[in-house]
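In what follows, a single structure is set out as structure tokens and then discussed.
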Amino acid sequence: MKIVFASHNQNKTKEIRSVLPQGIELLTLNDLNCFEEIPENEPTIEGNSAFKANWVFNHFGMPCFADDTGLEVRALNGAPGVHSARYADETTNDEANMHKLLEALKPFSDRTAQFKTVITFRDQHREIQFTGVISGQIGTSKRGEFGFGYDPIFIPEDAAQTFAEMTLLQKNKFSHRARAMAQFLEFLAEHT
Ligand code: IMP
């Protein structure tokens with residue numbers, strides 16, 4: 001089965017490939033010679049995820065799925081949430097985003113947060129979403145060299161390391177994306 005992943009993000013693609021079973025061929029937007037940025041202007045993570053999957057289905061007519069992810073921090077009333085990519089400015093700069101978050105959390109002792117990934121699958125029959133969540137804590141400084149995005153400051157529950165101190169295999173045991181993917185793969189196994 002060929003399925004399109006509606007993303008240009010190499011890090012997400014790597015994580016998703018690492019959990020795909022044999023028999024599913026993953027195509028990225030680059031494989032389809034699509035280099036356009038898909039707009040992410042919806043007010044929710046669910047909305048952005050659905051928009052991206054529908055955008056790709058409407059352009060290419062192939063079964064596809066999209067991932068939209070946000071980091072929700074309790075003391076900041078769920079921010080940066082749907083604005084995680086452009087929290088500090090419009091440039092989607094990971095370093096600036098982490099710096100802004102660490103500064104914003106300085107007055108608070110509660111550093112509880114969660115990552116949420118919403119995967120939307122779209123084909124000619126249906127549109128369906130799968131949500132994966134992992135709770136944890138925002139560290140007080142960056143640690144680790146692996147991963148991407150906010151990984152150096154996120155410590156998942158029941159772990160001592162940040163996601164950026166974990167190998168891909170270890171991150172997959174906890175991560176929001178791996179949890180959403182597990183549900184999606186179960187669905188695919190039942191429906192294809
Ligand atoms: P988006 O889903 O590509 O819009 O990602 C939103 C923001 O969350 C971006 O700043 C990403 O770098 C960040 N992000 C997405 N997934 C992860 C992850 O697994 N770990 C850390 N940061 C992530």
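Quick note on naming: the chains in the structure tokens go A, B, ... in the order shown, residues restart at 1 in each chain, and ligands are numbered from 1 in order of appearance.
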
Per residue of chain A within 6 Å of ligand 1, note the shortest atom pair and the distance in Å to one decimal, counting only C-alpha atoms and all ligand atoms, and order the rows by chain and increasing residue number, as JSON lines.
{"residue": "A:Asp67", "atom": "CA", "partner": "ligand 1", "partner_atom_place_in_ligand_line": "2 (O)", "distance": 6.0}
{"residue": "A:Asp68", "atom": "CA", "partner": "ligand 1", "partner_atom_place_in_ligand_line": "2 (O)", "distance": 3.6}
{"residue": "A:Thr69", "atom": "CA", "partner": "ligand 1", "partner_atom_place_in_ligand_line": "2 (O)", "distance": 3.7}
{"residue": "A:Gly70", "atom": "CA", "partner": "ligand 1", "partner_atom_place_in_ligand_line": "8 (O)", "distance": 5.1}
{"residue": "A:Ser84", "atom": "CA", "partner": "ligand 1", "partner_atom_place_in_ligand_line": "7 (C)", "distance": 4.4}
{"residue": "A:Ala85", "atom": "CA", "partner": "ligand 1", "partner_atom_place_in_ligand_line": "10 (O)", "distance": 3.3}
{"residue": "A:Phe148", "atom": "CA", "partner": "ligand 1", "partner_atom_place_in_ligand_line": "21 (C)", "distance": 5.3}
{"residue": "A:Gly149", "atom": "CA", "partner": "ligand 1", "partner_atom_place_in_ligand_line": "12 (O)", "distance": 3.3}
{"residue": "A:Tyr150", "atom": "CA", "partner": "ligand 1", "partner_atom_place_in_ligand_line": "21 (C)", "distance": 4.0}
{"residue": "A:Asp151", "atom": "CA", "partner": "ligand 1", "partner_atom_place_in_ligand_line": "21 (C)", "distance": 4.2}

Could you give me the residues within chain A that DSSP places in strand (DSSP E), as a ChimeraX atom specification?
-> /A:2-5,25-28,64-73,80-81,112-122,127-138,154-156

Print the selection's residues with N, CA and C atoms to a file, as a CSV table (one decimal), in the first residue's frame.
chain,number,residue,atom,x,y,z
A,2,LYS,N,0.5,2.2,-0.9
A,2,LYS,CA,1.2,3.5,-0.9
A,2,LYS,C,0.4,4.5,-0.2
A,3,ILE,N,1.1,5.2,0.7
A,3,ILE,CA,0.4,6.3,1.5
A,3,ILE,C,1.3,7.5,1.6
A,4,VAL,N,0.6,8.7,1.5
A,4,VAL,CA,1.4,9.9,1.5
A,4,VAL,C,1.4,10.5,2.9
A,5,PHE,N,2.6,10.9,3.3
A,5,PHE,CA,2.7,11.6,4.6
A,5,PHE,C,2.7,13.1,4.3
A,25,GLU,N,4.3,1.5,1.9
A,25,GLU,CA,5.3,2.4,1.3
A,25,GLU,C,4.9,3.8,1.6
A,26,LEU,N,5.8,4.5,2.3
A,26,LEU,CA,5.5,5.9,2.7
A,26,LEU,C,6.1,6.8,1.6
A,27,LEU,N,5.3,7.7,1.1
A,27,LEU,CA,5.7,8.8,0.2
A,27,LEU,C,5.6,10.1,0.9
A,28,THR,N,6.6,10.9,0.7
A,28,THR,CA,6.5,12.3,1.4
A,28,THR,C,6.2,13.3,0.3
A,64,CYS,N,-3.8,9.5,2.3
A,64,CYS,CA,-2.7,10.3,2.9
A,64,CYS,C,-3.0,10.5,4.4
A,65,PHE,N,-2.0,10.9,5.1
A,65,PHE,CA,-2.2,11.3,6.5
A,65,PHE,C,-1.3,12.5,6.9
A,66,ALA,N,-1.8,13.2,7.9
A,66,ALA,CA,-1.0,14.4,8.3
A,66,ALA,C,-0.9,14.3,9.8
A,67,ASP,N,0.2,14.9,10.3
A,67,ASP,CA,0.4,15.0,11.8
A,67,ASP,C,0.5,16.4,12.2
A,68,ASP,N,-0.3,16.8,13.2
A,68,ASP,CA,-0.1,18.1,13.8
A,68,ASP,C,0.1,17.9,15.2
A,69,THR,N,1.1,18.6,15.8
A,69,THR,CA,1.6,18.4,17.1
A,69,THR,C,1.7,19.8,17.9
A,70,GLY,N,1.3,19.7,19.2
A,70,GLY,CA,1.5,20.9,20.0
A,70,GLY,C,2.0,20.5,21.4
A,71,LEU,N,2.7,21.5,22.0
A,71,LEU,CA,3.1,21.3,23.4
A,71,LEU,C,2.2,22.2,24.3
A,72,GLU,N,1.5,21.5,25.2
A,72,GLU,CA,0.6,22.3,26.0
A,72,GLU,C,1.1,22.3,27.5
A,73,VAL,N,1.3,23.6,28.0
A,73,VAL,CA,1.9,23.7,29.3
A,73,VAL,C,0.9,24.2,30.3
A,80,PRO,N,2.3,26.7,24.5
A,80,PRO,CA,2.1,27.3,23.2
A,80,PRO,C,1.0,26.6,22.3
A,81,GLY,N,0.7,25.3,22.7
A,81,GLY,CA,-0.4,24.6,22.0
A,81,GLY,C,-0.3,24.7,20.5
A,112,THR,N,4.4,21.2,34.7
A,112,THR,CA,3.7,20.1,34.0
A,112,THR,C,3.3,20.5,32.6
A,113,ALA,N,3.4,19.5,31.6
A,113,ALA,CA,3.1,19.8,30.2
A,113,ALA,C,2.7,18.5,29.5
A,114,GLN,N,2.1,18.6,28.4
A,114,GLN,CA,1.9,17.4,27.6
A,114,GLN,C,2.1,17.8,26.1
A,115,PHE,N,2.6,16.7,25.4
A,115,PHE,CA,2.7,16.8,23.9
A,115,PHE,C,1.4,16.1,23.4
A,116,LYS,N,0.8,16.7,22.4
A,116,LYS,CA,-0.4,16.1,21.7
A,116,LYS,C,-0.1,16.1,20.2
A,117,THR,N,-0.3,14.9,19.7
A,117,THR,CA,-0.2,14.7,18.2
A,117,THR,C,-1.6,14.2,17.7
A,118,VAL,N,-2.1,14.9,16.7
A,118,VAL,CA,-3.3,14.5,16.1
A,118,VAL,C,-3.0,14.1,14.6
A,119,ILE,N,-3.2,12.8,14.3
A,119,ILE,CA,-3.0,12.3,13.0
A,119,ILE,C,-4.3,12.2,12.3
A,120,THR,N,-4.4,12.8,11.1
A,120,THR,CA,-5.7,12.7,10.3
A,120,THR,C,-5.3,11.8,9.1
A,121,PHE,N,-6.1,10.7,8.9
A,121,PHE,CA,-6.0,9.9,7.7
A,121,PHE,C,-7.2,10.3,6.8
A,122,ARG,N,-6.9,10.4,5.5
A,122,ARG,CA,-7.9,10.8,4.5
A,122,ARG,C,-7.8,9.9,3.3
A,127,GLU,N,-12.5,10.4,6.5
A,127,GLU,CA,-11.5,11.2,7.2
A,127,GLU,C,-11.6,10.8,8.6
A,128,ILE,N,-10.5,10.4,9.2
A,128,ILE,CA,-10.5,9.9,10.6
A,128,ILE,C,-9.3,10.4,11.4
A,129,GLN,N,-9.5,10.7,12.7
A,129,GLN,CA,-8.3,11.2,13.5
A,129,GLN,C,-7.9,10.2,14.6
A,130,PHE,N,-6.7,10.3,14.9
A,130,PHE,CA,-6.1,9.5,16.0
A,130,PHE,C,-5.2,10.4,16.8
A,131,THR,N,-5.4,10.4,18.2
A,131,THR,CA,-4.7,11.3,19.0
A,131,THR,C,-3.8,10.6,20.0
A,132,GLY,N,-2.6,11.1,20.1
A,132,GLY,CA,-1.6,10.5,21.0
A,132,GLY,C,-1.1,11.6,22.0
A,133,VAL,N,-1.1,11.3,23.3
A,133,VAL,CA,-0.7,12.3,24.3
A,133,VAL,C,0.4,11.7,25.2
A,134,ILE,N,1.3,12.5,25.6
A,134,ILE,CA,2.3,12.1,26.6
A,134,ILE,C,2.5,13.3,27.6
A,135,SER,N,2.3,13.0,28.9
A,135,SER,CA,2.4,14.0,29.9
A,135,SER,C,3.9,14.0,30.3
A,136,GLY,N,4.3,15.1,30.9
A,136,GLY,CA,5.7,15.2,31.4
A,136,GLY,C,5.9,16.5,32.1
A,137,GLN,N,7.2,16.9,32.1
A,137,GLN,CA,7.6,18.1,32.8
A,137,GLN,C,8.5,18.9,31.8
A,138,ILE,N,8.5,20.2,31.9
A,138,ILE,CA,9.4,21.0,31.2
A,138,ILE,C,10.7,21.2,32.1
A,154,PHE,N,11.8,18.6,27.2
A,154,PHE,CA,10.7,17.8,27.7
A,154,PHE,C,11.1,16.5,28.3
A,155,ILE,N,10.7,16.3,29.5
A,155,ILE,CA,11.0,15.1,30.2
A,155,ILE,C,9.7,14.3,30.4
A,156,PRO,N,9.5,13.2,29.6
A,156,PRO,CA,8.2,12.5,29.7
A,156,PRO,C,8.1,11.8,31.1

For His59 of chain A, work out the shell of residues within 12 Å, counting only C-alpha atoms and skipping chain neighbours fewer than 3 positions away, then give it as a ChimeraX atom specification.
-> /A:4,6,29,32-34,36,38,52-56,62-64

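One distance worth recording is that between atom CA of Glu37 of chain A and atom CA of His8 of chain A, which is 8.0 Å.
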
Give the alpha helix (DSSP H) residues of segment 3-155 of chain A, as assigned by DSSP on the backbone, as a PyMOL selection string.
-> chain A and resi 10-19+45-60+94-105

Return the single residue from A:Leu169, A:Ala79, A:Ile16, A:Met181 that is closest to Lys100 of chain A, with distances computed using only C-alpha atoms.
->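 Using only C-alpha atoms, Lys100 of chain A sits closest to A:Ala79.
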
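If you measure from each of A:Ala189, A:Met166, A:Asn30, A:Ile153 to Asn9 of chain A using only C-alpha atoms, the closest one turns out to be A:Asn30.
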
Hey, which of A:Ala96, A:Gly47, A:Ala180, A:Gly139 ends up closest to Ala164 of chain A? Count only C-alpha atoms.
->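 Ranking A:Ala96, A:Gly47, A:Ala180, A:Gly139 by distance to Ala164 of chain A, first place goes to A:Gly139.
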